[in-house]
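Below is one structure, written out as C-alpha cells; the observations come after it.
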Amino acid sequence: MKKYYGIIAAVSFLAIVILSVEIGKGAVLNESVRTQSSLVDTALSTADSHSTAASVTESTSHATSQQSEETSEKESDDFPDVSLEDWSMVLVGPKNKIDQEIAQSGLAKLSNGYLVDKRIVSAYEDLAEAADQAGYPLVMVSAYRSVAYQKQIFAENVATLMSRGDSQEEATKTTKLTFTEPGYSEHHTGLAIDVVDKAWYQDHTTDVLDHQFGDTDGGKWIQVHAREYGFIVRYPKGKYAITQIDYEPWHLRYVGVEAATYIEDNQLTFEEFIDQAKER
Ligand SMILES: [Zn+2]
C-alpha cells in the first residue's frame with residue numbers, strides 16, 4: 001500500500017508543477033483555468049512548496065485584476081439606454097430648481113388618495129402590493145407637493161417662529177433646516193414619494209421620518225425591492241456631499257426599472273447616474 005501512496009504523491013506533485021507552469025504563463029482566464037487554480041490552491045494546503053505557492057498567488061492576483069476589468073467592462077455595457085430628455089430623468093434638488101409647476105392634468109390619485117405623476121401610478125401600486133405580500137404594508141407620508149404649497153408651509157413655519165420672537169432672518173434659517181425651499185423639492189415633480197411600513201408608522205407617530213427606519217426589516221425590504229418597480233432610495237447613506245440631503249430611507253424616486261437597477265446595483269446617487277449618462 002505504501003508504494004501506492006508514494007505514486008499518488010508523486011503524480012499529485014507533478015500535476016501541481018505542470019498546472020503552476022501553465023498558469024504561470026499567464027494563460028487566458030477562463031472557467032477551466034479558474035477551476036484548476038482553485039484545485040492547486042487546495043492541493044497546496046497540504047503540499048509544502050513555496051515556489052509553487054508564489055507562482056499561484058501571482059497568477060491568482062493576475063486573474064483577479066483581469067476579472068475586475070471584465071466586470072467593469074460588463075458594467076459599462078449594462079448602462080441603461082436612457083435619454084436625459086426623458087420625463088423620468090428630471091433632476092430637481094437643492095442645486096436644481098424645478099423650471100415651473102407641472103401641469104395638474106399630469107397628476108393622478110393613488111388608491112391611498114395621494115397625488116403623483118400619473119405615469120407612475122401602476123408602478124407604485126405594484127410596489128405596494130409586493131410589500132403587502134412580503135408582510136410590510138406601506139404607509140405613504142407624502143407624495144406630490146406643488147411649489148405653491150411648499151411656499152405656503154415654508155411661510156407658515158417662518159411666521160410661527162417669528163411669533164415666538166425670532167427675527168425673520170433667524171426664522172428663515174431655522175425653517176430651511178427642516179423644509180426644502182420652494183422650487184427645490186423633488187416632491188414637486190410628482191415622481192417622489194415618502195413611504196414607511198405600517199409597523200414603523202404605528203410605533204413612530206411623532207418621528208415617522210427618522211433614518212433609523214432604514215435599519216428595520218421593512219426599511220431593508222424597500223431598499224432591496226423598490227428598484228424592481230422602478231424606484232430608488234434617492235438619498236443614500238453617506239452621500240450628503242453629492243445630494244445635499246441626509247440619508248432618507250423613506251424617500252423614493254421613480255426613474256424606471258432599468259435605471260433603478262443600475263443605480264442601486266452600482267450604489268450610485270441619481271446625480272452620479274445623470275453625470276455618467278451625460279458622458280455617453
Ligand atoms: Zn421626501
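Residues in the C-alpha cells are numbered from 1 in each chain, the chains being A, B, ... in the order shown, and ligands are numbered from 1 in the order shown.
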Please provide the set of residues having any atom within 7 Å of region 77-94 of chain A, restricted to only C-alpha atoms, with same-chain residues fewer than 3 positions apart removed, written as a ChimeraX atom specification. /A:73-74,97-98,184-186,244,254-256,258-259,262
Take the selection from the previous step and output its residues with N, CA and C atoms, as a compact mmCIF listing (two decimals), in the first residue's frame.
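Once written, out-v7.txt looks like this:
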```
# COMPACT_ATOMS: atom_id res chain seq x y z
N GLU A 73 -16.00 46.38 -17.50
CA GLU A 73 -16.44 46.46 -18.90
C GLU A 73 -17.90 46.07 -19.02
N LYS A 74 -18.23 45.01 -18.26
CA LYS A 74 -19.59 44.49 -18.30
C LYS A 74 -20.55 45.56 -17.78
N LYS A 97 -33.27 73.77 -9.36
CA LYS A 97 -34.64 74.24 -9.16
C LYS A 97 -35.53 73.73 -10.29
N ILE A 98 -36.78 73.43 -9.94
CA ILE A 98 -37.72 72.99 -10.97
C ILE A 98 -38.04 74.19 -11.87
N TYR A 184 -37.26 73.67 -4.89
CA TYR A 184 -36.09 72.79 -4.85
C TYR A 184 -36.40 71.39 -4.32
N SER A 185 -37.68 71.09 -4.11
CA SER A 185 -38.02 69.77 -3.59
C SER A 185 -38.34 68.81 -4.73
N GLU A 186 -37.83 67.60 -4.62
CA GLU A 186 -38.13 66.60 -5.64
C GLU A 186 -39.61 66.24 -5.65
N GLN A 244 -26.68 66.68 -1.13
CA GLN A 244 -27.01 67.82 -0.24
C GLN A 244 -28.21 67.51 0.66
N TYR A 254 -39.02 57.70 -8.60
CA TYR A 254 -39.19 56.86 -9.77
C TYR A 254 -38.21 57.28 -10.87
N VAL A 255 -37.46 56.29 -11.38
CA VAL A 255 -36.56 56.56 -12.51
C VAL A 255 -36.71 55.49 -13.60
N GLY A 256 -37.60 54.52 -13.38
CA GLY A 256 -37.75 53.40 -14.32
C GLY A 256 -36.92 52.21 -13.86
N GLU A 258 -34.96 49.96 -15.39
CA GLU A 258 -33.58 49.79 -15.87
C GLU A 258 -32.61 50.70 -15.13
N ALA A 259 -32.96 51.98 -15.07
CA ALA A 259 -32.09 52.95 -14.39
C ALA A 259 -32.00 52.63 -12.90
N TYR A 262 -29.67 49.70 -12.27
CA TYR A 262 -28.27 50.09 -12.46
C TYR A 262 -27.77 50.96 -11.31
```
Write out as a PyMOL selection string the residues lying within 9 Å of Val195 (chain A), counting only C-alpha atoms and excluding same-chain residues fewer than 2 positions away. chain A and resi 138-143+193+197+209+249-252
Closest of A:Asp194, A:Thr206, A:Gly214, A:Lys278 to ligand 1 - atom-to-atom distances counting only C-alpha atoms and all ligand atoms: A:Asp194
Calculate how many Å separate CA of Glu264 (chain A) from CA of Tyr235 (chain A), rounding to one decimal. 11.5 Å
May I have the residues within 10 Å of Val208 (chain A) as a PyMOL selection string, using only C-alpha atoms and disregarding those fewer than 3 positions away in the same chain? chain A and resi 141+195-197+200-205+211-213+250
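The shell of residues at most 9 Å from His225 (chain A), with only C-alpha atoms counted and near chain neighbours (fewer than 3 positions) removed, consists of Leu127, Ala130, Ala131, Lys220, Trp221, Ile222, Glu228, Tyr229 and Phe231 of chain A.
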I need the residues from that last selection saved to file as an mmCIF file, in the first residue's frame (with C-alpha atoms), if you can.
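Saved the output as again10.cif:
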```cif
data_model
loop_
_atom_site.group_PDB
_atom_site.id
_atom_site.type_symbol
_atom_site.label_atom_id
_atom_site.label_comp_id
_atom_site.auth_asym_id
_atom_site.auth_seq_id
_atom_site.Cartn_x
_atom_site.Cartn_y
_atom_site.Cartn_z
ATOM 1 C CA LEU A 127 -44.668 48.022 -5.314
ATOM 2 C CA ALA A 130 -45.481 43.331 -3.306
ATOM 3 C CA ALA A 131 -44.728 44.996 0.042
ATOM 4 C CA LYS A 220 -34.483 46.907 4.311
ATOM 5 C CA TRP A 221 -37.188 45.350 2.182
ATOM 6 C CA ILE A 222 -37.780 48.711 0.495
ATOM 7 C CA GLU A 228 -37.807 46.138 -9.141
ATOM 8 C CA TYR A 229 -40.665 48.613 -9.620
ATOM 9 C CA PHE A 231 -37.869 53.310 -7.611
#
```
Polymer residues at most 10 Å from Ser146 (chain A), only C-alpha atoms, same-chain spacing of 5 or more positions, as a PyMOL selection string: chain A and resi 100-102+104+151-152+182-183+185+187-190
One number please: CA of Ala155 (chain A) to CA of Leu177 (chain A), in Å, one decimal.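 So the two atoms, CA of Ala155 (chain A) and CA of Leu177 (chain A), lie 13.6 Å apart.
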Hey, which of A:Leu115, A:Ala128, A:Ala192, A:Ala260 ends up closest to ligand 1? Count only C-alpha atoms and all ligand atoms. A:Ala192
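Computed from the coordinates, the CA of Lys109 (chain A) to CA of Asp217 (chain A) distance equals 27.9 Å.
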Please determine, counting only C-alpha atoms and all ligand atoms, which residue among A:Lys173, A:Arg164, A:Lys239, A:Arg145 has the shortest atom-to-atom distance to ligand 1.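 Distance minimum relative to ligand 1 lands on A:Arg145.
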If you run DSSP on the backbone here, which positions in region 79-165 of chain A get helix (DSSP H, G or I)? Please write them as a count of residues only. 40
From A:Ile245, A:Val121, A:Ala103, A:Ala171, residue lying nearest ligand 1 [only C-alpha atoms and all ligand atoms]: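 Smallest separation from ligand 1 among the options: A:Ile245.
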Between A:Ala199, A:Phe179, A:Glu279, A:Ile242, which has the minimum distance to ligand 1 (counting only C-alpha atoms and all ligand atoms)?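 Comparing A:Ala199, A:Phe179, A:Glu279, A:Ile242 against ligand 1, the winner is A:Phe179.
With distances restricted to only C-alpha atoms and all ligand atoms, A:Tyr144 is the closest residue to ligand 1 from A:Tyr144, A:Tyr136, A:Phe154, A:Tyr149.
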